[in-house]
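Source file: structure23.cif. Holds: mmCIF, C-alpha atoms and all ligand atoms.
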```cif
data_start
#
loop_
_atom_site.label_atom_id
_atom_site.label_comp_id
_atom_site.auth_asym_id
_atom_site.auth_seq_id
_atom_site.Cartn_x
_atom_site.Cartn_y
_atom_site.Cartn_z
CA MET A 1 -63.68 -98.41 -3.70
CA SER A 2 -60.51 -96.82 -4.99
CA ALA A 3 -59.06 -96.76 -8.49
CA ALA A 4 -56.10 -98.78 -7.18
CA GLU A 5 -58.47 -101.54 -6.09
CA LEU A 6 -60.17 -101.48 -9.49
CA LEU A 7 -56.80 -101.81 -11.20
CA LYS A 8 -55.85 -104.76 -9.00
CA ASN A 9 -59.18 -106.47 -9.64
CA ARG A 10 -58.93 -105.90 -13.38
CA SER A 11 -55.59 -107.68 -13.65
CA GLU A 12 -56.52 -110.50 -11.25
CA PHE A 13 -59.77 -111.12 -13.10
CA GLU A 14 -57.95 -111.18 -16.45
CA ASP A 15 -55.37 -113.66 -15.09
CA LYS A 16 -58.07 -115.97 -13.77
CA ILE A 17 -60.00 -116.03 -17.05
CA ARG A 18 -56.79 -116.64 -19.02
CA LYS A 19 -55.86 -119.55 -16.78
CA LEU A 20 -59.34 -121.00 -17.03
CA LEU A 21 -59.59 -120.76 -20.83
CA ALA A 22 -55.87 -121.20 -21.54
CA ARG A 23 -56.18 -118.35 -24.07
CA PRO A 24 -55.08 -114.71 -24.16
CA VAL A 25 -58.39 -113.11 -23.21
CA LEU A 26 -58.07 -109.36 -22.77
CA LEU A 27 -60.01 -107.41 -20.17
CA THR A 28 -59.78 -104.02 -21.84
CA GLU A 29 -61.67 -102.03 -19.21
CA LEU A 30 -63.24 -102.57 -15.82
CA ASP A 31 -65.83 -99.95 -14.86
CA MET A 32 -68.18 -99.29 -12.00
CA PHE A 33 -71.35 -97.45 -13.02
CA ALA A 34 -74.45 -95.72 -11.65
CA LEU A 35 -77.43 -94.96 -13.88
CA PRO A 36 -80.03 -92.18 -13.52
CA CYS A 37 -82.78 -94.80 -13.04
CA GLY A 38 -81.13 -96.23 -9.93
CA CYS A 39 -79.31 -99.25 -11.37
CA SER A 40 -75.65 -99.67 -10.47
CA GLY A 41 -72.93 -102.22 -11.03
CA ILE A 42 -69.80 -103.25 -12.87
CA THR A 43 -68.97 -103.64 -16.56
CA ALA A 44 -65.95 -105.58 -17.80
CA ASN A 45 -65.22 -104.97 -21.48
CA ILE A 46 -63.58 -108.05 -22.87
CA ARG A 47 -61.89 -109.32 -26.04
CA GLY A 48 -61.38 -112.94 -27.00
CA LEU A 49 -64.37 -114.49 -25.22
CA GLU A 50 -67.16 -116.38 -27.01
CA VAL A 51 -70.64 -117.52 -25.96
CA ASP A 52 -69.45 -121.14 -26.23
CA ASP A 53 -66.89 -120.41 -23.49
CA LEU A 54 -69.68 -119.30 -21.17
CA ASP A 55 -71.57 -122.49 -21.94
CA VAL A 56 -68.63 -124.82 -21.40
CA PHE A 57 -66.98 -123.06 -18.44
CA GLU A 58 -70.01 -121.69 -16.59
CA ALA A 59 -69.45 -123.82 -13.48
CA GLN A 60 -65.83 -122.62 -13.15
CA LEU A 61 -66.57 -119.06 -14.27
CA MET A 62 -69.39 -118.29 -11.83
CA PRO A 63 -67.26 -118.39 -8.65
CA ILE A 64 -64.79 -115.97 -10.32
CA LEU A 65 -67.64 -113.62 -11.29
CA LYS A 66 -69.08 -113.77 -7.77
CA GLU A 67 -65.68 -113.06 -6.28
CA ILE A 68 -65.11 -109.90 -8.31
CA ALA A 69 -68.58 -108.56 -7.37
CA ALA A 70 -67.82 -109.24 -3.70
CA ASN A 71 -64.38 -107.59 -4.01
CA LEU A 72 -66.02 -104.44 -5.37
CA SER A 73 -68.91 -104.56 -2.83
CA VAL A 74 -71.56 -105.05 -5.52
CA LYS A 75 -74.53 -107.34 -4.88
CA PRO A 76 -75.76 -108.05 -8.41
CA SER A 77 -79.40 -108.95 -8.98
CA VAL A 78 -78.37 -109.97 -12.49
CA THR A 79 -75.07 -111.04 -14.08
CA PHE A 80 -75.00 -111.23 -17.85
CA ALA A 81 -72.84 -111.16 -20.94
CA ARG A 82 -73.58 -108.60 -23.63
CA LEU A 83 -72.97 -110.00 -27.09
CA VAL A 84 -71.97 -108.27 -30.30
CA PRO A 85 -75.33 -108.33 -32.14
CA GLY A 86 -75.64 -111.17 -34.63
CA SER A 87 -72.47 -112.89 -33.47
CA SER A 88 -71.20 -115.25 -30.76
CA ILE A 89 -68.67 -112.70 -29.52
CA VAL A 90 -68.91 -111.53 -25.91
CA ALA A 91 -68.42 -107.73 -25.78
CA SER A 92 -68.73 -107.35 -22.03
CA LEU A 93 -69.60 -109.02 -18.76
CA ASN A 94 -72.00 -107.09 -16.56
CA TRP A 95 -72.99 -107.21 -12.92
CA ARG A 96 -76.06 -105.07 -12.23
CA THR A 97 -78.04 -104.26 -9.14
CA LEU A 98 -81.40 -103.55 -10.73
CA CYS A 99 -83.68 -100.66 -9.75
CA ASN A 100 -87.42 -101.25 -9.42
CA ARG A 101 -88.08 -99.89 -12.89
CA CYS A 102 -85.56 -102.10 -14.72
CA TYR A 103 -86.19 -105.28 -12.75
CA PRO A 104 -89.37 -106.27 -14.70
CA GLU A 105 -87.44 -105.96 -18.00
CA PHE A 106 -85.18 -108.77 -16.89
CA ALA A 107 -87.81 -110.75 -14.96
CA LYS A 108 -90.13 -111.13 -17.95
CA GLY A 109 -87.48 -112.73 -20.16
CA GLN A 110 -87.31 -116.47 -20.61
CA GLY A 111 -84.24 -118.70 -20.43
CA LYS A 112 -80.63 -117.71 -20.88
CA THR A 113 -81.15 -115.37 -23.80
CA PRO A 114 -84.12 -113.07 -23.02
CA ARG A 115 -82.78 -110.81 -25.78
CA PRO A 116 -80.53 -111.75 -28.73
CA ASP A 117 -77.72 -109.58 -27.34
CA LEU A 118 -77.92 -110.89 -23.76
CA TYR A 119 -76.72 -114.12 -22.20
CA LEU A 120 -77.88 -114.46 -18.60
CA LEU A 121 -75.47 -116.04 -16.14
CA GLN A 122 -77.31 -115.27 -12.92
CA PHE A 123 -80.66 -113.71 -12.07
CA GLU A 124 -82.06 -113.24 -8.62
CA LYS A 125 -85.83 -113.40 -8.74
CA ARG A 126 -87.58 -111.22 -6.19
CA LYS A 127 -90.22 -112.78 -3.99
ZN ZN A 201 -82.58 -99.18 -13.64
#
```
How does this structure look as structure tokens?
Amino acid sequence: MSAAELLKNRSEFEDKIRKLLARPVLLTELDMFALPCGCSGITANIRGLEVDDLDVFEAQLMPILKEIAANLSVKPSVTFARLVPGSSIVASLNWRTLCNRCYPEFAKGQGKTPRPDLYLLQFEKRK
């Protein structure tokens, strides 16, 4: 993964979301991360997206989210939106390949909002 590829993916992803929502959503930063615990993934900081958009456009949004993960060679065990606490504003979209320690944290949650600041879009349960 090169920075040039990240740049290209950032602008393509932003274009696709704008077309889908017909609104000027801003993808302020696209990051790849690795955590000390063993988790890794992608974070897309975003402005102009609301929880309602995820609800309404989930079917159209999911293929776009899967595509960007595939483009960046990330196989997410969980894809979620992080919300600004106490609001309906989406602060970021996150693709995370969970380590063994963090997996149970996500697996024990119920429904789409296991925590008030999380909105789950995809979760791969382990067998
Ligand atoms: Zn972890």
Please produce, as a tab-separated table, a per-residue contact table for chain A versus ligand ZN 201 (chain A) (criterion: any atom at most 6 Å away, only C-alpha atoms and all ligand atoms considered), showing the nearest atom pair and its distance in Å to one decimal, sorted by chain then residue number.
```
residue	atom	partner	partner_atom	distance
A:Cys37	CA	A:ZN201	ZN	4.4
A:Gly38	CA	A:ZN201	ZN	5.0
A:Cys39	CA	A:ZN201	ZN	4.0
A:Leu98	CA	A:ZN201	ZN	5.4
A:Cys99	CA	A:ZN201	ZN	4.3
A:Arg101	CA	A:ZN201	ZN	5.6
A:Cys102	CA	A:ZN201	ZN	4.3
```
Rounded to one decimal, what separation in Å do you get between CA of Pro63 in chain A and CA of Thr113 in chain A?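 Result for CA of Pro63 in chain A versus CA of Thr113 in chain A: 20.8 Å, one decimal.
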Suppose you want the space between CA of Ser77 in chain A and CA of Val90 in chain A; what is it in Å?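 Interatomic distance, CA of Ser77 in chain A to CA of Val90 in chain A: 20.1 Å.
Considering only C-alpha atoms, the residue among A:Glu124, A:Gln60, A:Ala34, A:Glu105 positioned nearest to Pro76 in chain A is A:Glu124.
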Which one of A:Asn71, A:Ser88, A:Thr28, A:Asn94 sits closest to Asp55 in chain A if you count all atoms listed in the file?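 Looking at the shortest contact to Asp55 in chain A, the residue is A:Ser88.
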One decimal, in Å: what's the spacing between CA of Thr43 in chain A and CA of Ser92 in chain A?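 Separation between CA of Thr43 in chain A and CA of Ser92 in chain A: 6.6 Å.
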Rank A:Leu27, A:Leu120, A:Met1, A:Val56 by their smallest atom-to-atom distance to Phe106 in chain A, using all atoms listed in the file, and report the top residue only.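 Comparing A:Leu27, A:Leu120, A:Met1, A:Val56 against Phe106 in chain A, the winner is A:Leu120.
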Go through A:Ala59, A:Ile46, A:Arg82, A:Asp53 one by one, measure the shortest atom-to-atom distance of each to Asp117 in chain A using only C-alpha atoms, and give the residue with the smallest value.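 Checking each candidate against Asp117 in chain A, we get A:Arg82 as the closest.
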Sphere at (-64.6, -113.0, -23.9), radius 9 Å, counting all atoms listed in the file: residues as a ChimeraX atom specification: /A:17,25-27,45-51,53-54,81,89-93
Do you know which residues are at most 8 Å from range 7-13 of chain A counting all atoms listed in the file, after dropping those on the same chain fewer than 2 positions away, and could you put them as a VMD selection string? chain A and resid 3 to 5 15 to 17 27 29 to 30 64 68 71
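Proximity of A:Leu21, A:Ala107, A:Leu35, A:Leu121 to Leu65 in chain A, computed with all atoms listed in the file, is greatest for A:Leu121.
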Just checking: using only C-alpha atoms, which residue out of A:Phe123, A:Gly41, A:Ala22, A:Arg115 ends up closest to Thr79 in chain A?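 Checking each of A:Phe123, A:Gly41, A:Ala22, A:Arg115 against Thr79 in chain A, counting only C-alpha atoms, the winner is A:Phe123.
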Where's the centre, and what are the edge lengths in Å to one decimal, of a box along x, y and z enclosing all listed atoms of range 19-24 of chain A padded 4 Å per side, as lines of an AutoDock Vina configuration file?
```
center_x = -57.3
center_y = -118.0
center_z = -20.5
size_x = 12.5
size_y = 14.5
size_z = 15.4
```
